[in-house]
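Just below is one structure, and these are the notes that go with it.
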Amino acid sequence: MQWGQIKLLFILSFLILDLFLLQQFLSKQAEDELGQISTVAESVETDLQENDITVAEDAIPDNLPEASEIVSKSNSAFSEEIMSQIEEIDDSNQQIELDEDRQVVKVTLEEPIEVTEDTLQDEVDSLIPFSSQYSYWGWNEDEGAAMFFQAVDNQTVYFNKGGLLLVNIEDSEITGYVASLLSFSDEESSMNEFNQSDVNLEPLNAIRTLLENGYIQPGDEVTSMDIGYHTSFDLAPGEENGSQVFTSTWKVTVNGERNHFVYALYGTVIENIDEASFISDIKRTYDFENPMPEQTSFKKK
Amino acid sequence: MNRETMKSIILVILIAFSLVLTVALWNYQPVNDTIDDNVLIGNTQLDELGSERTLSELIIPEEIVFHDGDAYYTHAESIDNKDFYQQQIQQWNVTNIDTSPGSINLDNHHHAVEIVFPAEIPIQTIQDLFVLNNEEGLEGIQASFDRIFVVQQNGGSVSSTFSLWFVDSDSSENRFSLKADISTSAGENAFRELDDKEELKELIRVRDTIANEEGSNEGFANIYLPKQTSRIPEYVLQTDSLDVRPLQNDLFPSNTAVTSYTASGGERVTKTFKQQLTQFDKRMEYELTIPNAANQDDLQVYDMLNQSMQDINSHLGWTNDYRLSSVLTGWNQVQYQMYFGDLPVMENSETSMLATIMMRYQQGQIQEYKRPLVKFSSITSERKATLKSGEQVLEDLQEKNDLDNRTILDLEIMYTLEEQRNNLVFSLIPEWYIKTNAGWMKVYSEEQSQNEEIS
């Protein structure tokens with residue numbers, strides 16, 4: 001063989017070797033970047049498969065926000081803007097009452113409005129000028145109330161008496177509502193120091209936590225997941241005039257019928273939420289039959 | 001440049017590249033962003049004002065009684081009881097542990113030493129209180145004890161042995177939790193305390209004075225009272241306030257959002273989404289909400305004791321002479337009481353929770369933690385109060401018809417912590433206390449002070 005041919009042969013073999021080594025190097029790099037996260041995800045997926053638990057295709061939201069903790073202000077009185085909207089409510093057939101600290105408004109309709117599941121949102125929008133602050137939670141027909149929870153940056157604050165719109169519905173007729181709003185600092189910066197910006201929310205971890213603790217049984221399907229806020233120290237409006245700390249919370253809907261809540265940053269399952277007692281508690285506090293006790297009635301100027 | 005030179009250059013480049021790649025692959029280390037765990041969270045310890053404790057320093061008998069036939073004695077000075085406990089009893093080398101020991105009859109033993117603890121203590125604690133060579137066999141045993149009897153076993157052999165009987169005096173079944181032996185010299189040393197009666201004071205047994213209708217004479221829950229009057233110093237205490245920040249840093253996780261505000265009652269509330277620390281004028285209450293019952297495994301009693309000791313140690317929270325006063329198993333609650341001059345300190349309505357540390361656990365975590373935020377120290381102890389003799393107290397109690405004698409669970413001299421409004425100090429007043437089913441209360445109400453004379 002000629003020396004020139006041998007060189008060509010060497011060039012070809014080294015080219016192949018280099019390509020192989022390069023491919024090895026790049027795949028090793030990619031593997032480490034995905035690192036444990038992907039292995040965790042894979043192991044959760046196998047866990048779920050083994051337990052015959054399915055996750056609906058569109059259950060996990062695409063754009064996940066960063067996990068964070070937010071702090072409400074000590075005195076969550078209605079802002080001037082909301083106050084002016086309340087003042088504009090037509091009070092010819094509505095009895096409007098405001099508590100002393102301007103934190104809760106209770107409205108009683110003199111002529112109840114008929115409502116169905118389909119018309120509820122529209123009726124609420126026309127009745128309550130600031131209804132855009134809330135997102136619809138659900139209509140509990142047994143307890144006779146529809147609930148709307150306050151939303152902060154498109155994230156719902158689950159089950160907090162300070163950020164709630166409760167519409168009283170008797171025999172498919174709205175008879176009144178009670179509304180409160182938490183105020184949060186406008187300056188994002190004040191919350192940023194608590195932002196756990198490095199922490200990614202792992203929806204599958206929340207599902208695994210529920211599985212490990214027996215909240216999800218084999219055969220269940222996770223139909224939807226949502227991220228919102230919750231606190232274990234729920235203060236009623238005006239109680240202690242205290243501020244509250246809310247932390248990112250997963251709402252996991254199973255089989256489209258029941259909800260589980262998991263603190264996203266800590267993997268703690270929140271079990272002690274009972275919708276029926278939450279509603280009856282509020283209904284008792286803001287007795288819908290009688291005017292609010294010790295409240296100063298608010299009259300339109 | 002001809003074609004062959006080009007080929008040579010390409011070949012050299014390819015060889016070099018392959019070498020570089022091989023080295024790179026060989027030495028590849030993933031670049032990991034290490035999460036900085038050492039976030040600066042500030043001081044977590046009550047430096048200088050507090051200290052650490054071990055279980056053997058927290059579990060101290062409230063009484064050591066020497067049986068001499070029908071007569072009972074204890075050290076005349078209560079400090080001697082503590083010294084005797086720490087320098088002798090805790091040094092005993094405990095052997096031959098028997099966890100199903102049968103029973104003893106104290107009437108067969110002329111001499112005995114009775115060690116009375118203020119609370120029911122899990123049996124595993126003996127590895128902290130004594131010197132044990134073999135700790136096996138204690139795990140998993142549910143037994144507890146509140147009294148230890150030291151008796152001499154006269155087996156008739158050449159050398160007699162001394163045995164410790166661990167007794168749960170409130171229990172009717174399983175009263176004898178454990179039996180163990182100590183060396184002859186240790187036992188003889190303990191019994192030798194009886195030789196010098198000058199250093200001892202005589203006690204009376206309540207059962208001998210007040211006939212107990214139901215509990216025949218076999219009961220072990222005996223109450224002993226000093227036969228003579230007692231002269232106890234009164235103290236005036238000043239306080240150093242504790243900074244709540246180290247406690248908060250220790251109890252709250254470092255990377256969670258915290259908010260604080262002043263509540264309507266004036267107390268300062270600091271909280272996260274699941275924890276709340278309420279700071280009152282001189283005390284604090286901490287609370288953790290665990291929003292589920294996922295983990296039902298509560299701590300074993302002994303582990304809970306250890307955990308509470310460690311949790312308080314971690315912020316050097318032992319600010320005074322605190323001693324174990326009660327363990328409520330069902331509640332997962334441990335309580336420590338402040339002692340001063342070796343006497344327990346009781347609170348009145350104004351000084352409530354100023355001489356008590358209370359901890360409650362759930363799922364292995366502190367669920368509730370209440371403690372004072374002051375450290376007490378004495379300014380003066382010039383006055384000594386003379387308290388009525390045990391005989392007199394029993395007589396007085398019998399005269400009072402409203403008190404059913406059978407309900408006496410304990411009788412003790414304790415200090416009452418009183419706040420002196422005008423000069424911001426506290427005083428410790430020694431008084432007779434009685435424990436009934438309704439809890440502790442003073443034997444003599446405020447107006448008829450039992451202080452016969454004050455010198």
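So you can find residues: chains in the structure tokens are A, B, ... in the order shown, residues in each start at 1, and ligands are numbered from 1 in order.
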### Query
Do you know which residues are at most 8 Å from Val236 of chain B counting only C-alpha atoms, after dropping those on the same chain fewer than 6 positions away, and could you put them as a PyMOL selection string?
chain B and resi 378-381+425-428
Residues of chain A at most 7 Å from chain B: nearest atom pair and distance in Å, only C-alpha atoms, as a tab-separated table:
```
residue	atom	partner	partner_atom	distance
A:Gly4	CA	B:Glu4	CA	6.5
A:Lys7	CA	B:Lys7	CA	6.8
A:Ile11	CA	B:Leu11	CA	5.2
A:Phe14	CA	B:Leu14	CA	6.0
A:Leu15	CA	B:Leu14	CA	6.5
A:Asp18	CA	B:Ser18	CA	5.2
A:Leu21	CA	B:Leu21	CA	6.2
A:Leu22	CA	B:Leu21	CA	6.8
A:Phe25	CA	B:Leu25	CA	5.8
A:Asp32	CA	B:Pro30	CA	6.1
A:Glu69	CA	B:Ala257	CA	6.1
A:Val71	CA	B:Thr259	CA	6.8
A:Ser74	CA	B:Tyr261	CA	6.9
A:Phe194	CA	B:Ala257	CA	5.4
A:Asn213	CA	B:Ala294	CA	6.2
A:Thr231	CA	B:Phe273	CA	4.7
A:Ser232	CA	B:Lys274	CA	5.1
A:Phe233	CA	B:Lys274	CA	6.3
A:Glu240	CA	B:Ala263	CA	4.9
A:Asn241	CA	B:Ala263	CA	6.7
A:Gly242	CA	B:Tyr261	CA	6.1
A:Ser243	CA	B:Thr259	CA	6.7
A:Gln244	CA	B:Thr259	CA	6.9
A:Val245	CA	B:Phe273	CA	4.8
A:Phe246	CA	B:Phe273	CA	5.6
A:Thr247	CA	B:Phe273	CA	6.6
A:Val269	CA	B:Asn292	CA	6.3
A:Ile270	CA	B:Pro291	CA	4.8
A:Glu271	CA	B:Asn292	CA	4.7
A:Asn272	CA	B:Pro291	CA	5.7
```
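Remark: for Pro344 of chain B, the closest of the candidate residues B:Ile64, B:Ile366, B:Ile429, B:Met358 is B:Ile429 (distances computed over only C-alpha atoms).
Here atom CA of Gly219 of chain A is placed at a distance of 25.3 Å from atom CA of Gly138 of chain A.
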### Message
So that I can see what lies close to segment 443-445 of chain B, please list as a PyMOL selection string the residues with an atom at most 6 Å from it, counting only C-alpha atoms and leaving out residues fewer than 6 positions away in the same chain.
### Response
chain B and resi 432-434
Store the residues picked out above in a file with C-alpha atoms, as an mmCIF file, in the first residue's frame.
```cif
data_model
loop_
_atom_site.group_PDB
_atom_site.id
_atom_site.type_symbol
_atom_site.label_atom_id
_atom_site.label_comp_id
_atom_site.auth_asym_id
_atom_site.auth_seq_id
_atom_site.Cartn_x
_atom_site.Cartn_y
_atom_site.Cartn_z
ATOM 1 C CA TRP B 432 -47.883 24.530 102.084
ATOM 2 C CA TYR B 433 -49.545 23.134 98.987
ATOM 3 C CA ILE B 434 -51.922 20.230 98.682
#
```
Any idea what's packed within 7 Å of Thr253 of chain A, counting only C-alpha atoms, ignoring anything in its chain fewer than 4 positions away? Could you give it as a PDB file with N, CA and C atoms, in the first residue's frame?
```pdb
ATOM      1  N   VAL A 222     -55.746  11.809  37.881  1.00  0.00           N
ATOM      2  CA  VAL A 222     -55.559  13.228  38.218  1.00  0.00           C
ATOM      3  C   VAL A 222     -56.077  14.025  37.037  1.00  0.00           C
ATOM      4  N   THR A 223     -57.183  14.717  37.253  1.00  0.00           N
ATOM      5  CA  THR A 223     -57.823  15.375  36.116  1.00  0.00           C
ATOM      6  C   THR A 223     -57.333  16.803  35.913  1.00  0.00           C
ATOM      7  N   SER A 224     -56.953  17.485  37.004  1.00  0.00           N
ATOM      8  CA  SER A 224     -56.381  18.806  36.776  1.00  0.00           C
ATOM      9  C   SER A 224     -55.530  19.229  37.953  1.00  0.00           C
ATOM     10  N   MET A 225     -54.579  20.099  37.684  1.00  0.00           N
ATOM     11  CA  MET A 225     -53.711  20.621  38.737  1.00  0.00           C
ATOM     12  C   MET A 225     -53.613  22.118  38.571  1.00  0.00           C
ATOM     13  N   GLU A 257     -63.680  15.087  40.836  1.00  0.00           N
ATOM     14  CA  GLU A 257     -64.689  15.240  41.878  1.00  0.00           C
ATOM     15  C   GLU A 257     -64.139  15.695  43.224  1.00  0.00           C
ATOM     16  N   ARG A 258     -62.905  15.382  43.545  1.00  0.00           N
ATOM     17  CA  ARG A 258     -62.415  15.824  44.851  1.00  0.00           C
ATOM     18  C   ARG A 258     -61.065  16.525  44.696  1.00  0.00           C
ATOM     19  N   ASN A 259     -60.827  17.454  45.588  1.00  0.00           N
ATOM     20  CA  ASN A 259     -59.595  18.238  45.534  1.00  0.00           C
ATOM     21  C   ASN A 259     -58.685  17.890  46.702  1.00  0.00           C
ATOM     22  N   HIS A 260     -57.394  17.842  46.407  1.00  0.00           N
ATOM     23  CA  HIS A 260     -56.403  17.729  47.478  1.00  0.00           C
ATOM     24  C   HIS A 260     -55.476  18.926  47.368  1.00  0.00           C
TER      25      HIS A 260
END
```
### Task
Pick out each residue of segment 17-250 of chain A that DSSP on the backbone tags as helix (DSSP H, G or I); I need them as number ranges by chain.
A: 17-50, 80-87, 120-127, 131-133, 188-192, 203-212
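Going from atom CA of Gly267 of chain A to atom CA of Ile207 of chain A covers 9.7 Å.
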### Query
Do you know which residues are at most 12 Å from Asp196 of chain B counting only C-alpha atoms, after dropping those on the same chain fewer than 5 positions away, and could you put them as a VMD selection string?
chain B and resid 66 73 to 76 190 to 191 201
Env of Tyr266 of chain A: 10 Å cut, atoms = only C-alpha atoms, seq-sep filter 5 positions within chain, self excluded. Answer as a PDB file with N, CA and C atoms, in the first residue's frame.
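Saved to result_19.pdb:
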```pdb
ATOM      1  N   ALA A 206     -45.903  16.508  43.767  1.00  0.00           N
ATOM      2  CA  ALA A 206     -47.140  16.687  44.543  1.00  0.00           C
ATOM      3  C   ALA A 206     -48.002  15.437  44.420  1.00  0.00           C
ATOM      4  N   THR A 247     -48.296  30.602  51.060  1.00  0.00           N
ATOM      5  CA  THR A 247     -47.252  29.905  50.333  1.00  0.00           C
ATOM      6  C   THR A 247     -47.867  29.119  49.181  1.00  0.00           C
ATOM      7  N   SER A 248     -47.065  28.924  48.154  1.00  0.00           N
ATOM      8  CA  SER A 248     -47.559  28.247  46.952  1.00  0.00           C
ATOM      9  C   SER A 248     -48.142  26.885  47.293  1.00  0.00           C
ATOM     10  N   THR A 249     -49.307  26.619  46.747  1.00  0.00           N
ATOM     11  CA  THR A 249     -50.038  25.415  47.095  1.00  0.00           C
ATOM     12  C   THR A 249     -50.610  24.773  45.833  1.00  0.00           C
TER      13      THR A 249
END
```
With only C-alpha atoms as the counted atoms, please give the residues lying no more than 8 Å from Val167 of chain A, apart from itself and same-chain residues fewer than 3 positions off, as an mmCIF file with C-alpha atoms, in the first residue's frame.
```cif
data_model
loop_
_atom_site.group_PDB
_atom_site.id
_atom_site.type_symbol
_atom_site.label_atom_id
_atom_site.label_comp_id
_atom_site.auth_asym_id
_atom_site.auth_seq_id
_atom_site.Cartn_x
_atom_site.Cartn_y
_atom_site.Cartn_z
ATOM 1 C CA ALA A 145 -73.642 29.114 48.603
ATOM 2 C CA ALA A 146 -71.348 29.754 45.677
ATOM 3 C CA MET A 147 -67.784 30.705 46.515
ATOM 4 C CA ILE A 174 -79.231 34.797 44.993
ATOM 5 C CA THR A 175 -80.317 36.488 48.190
ATOM 6 C CA GLY A 176 -77.097 38.319 48.955
ATOM 7 C CA TYR A 177 -73.372 38.073 49.259
ATOM 8 C CA VAL A 178 -70.482 38.855 51.538
#
```
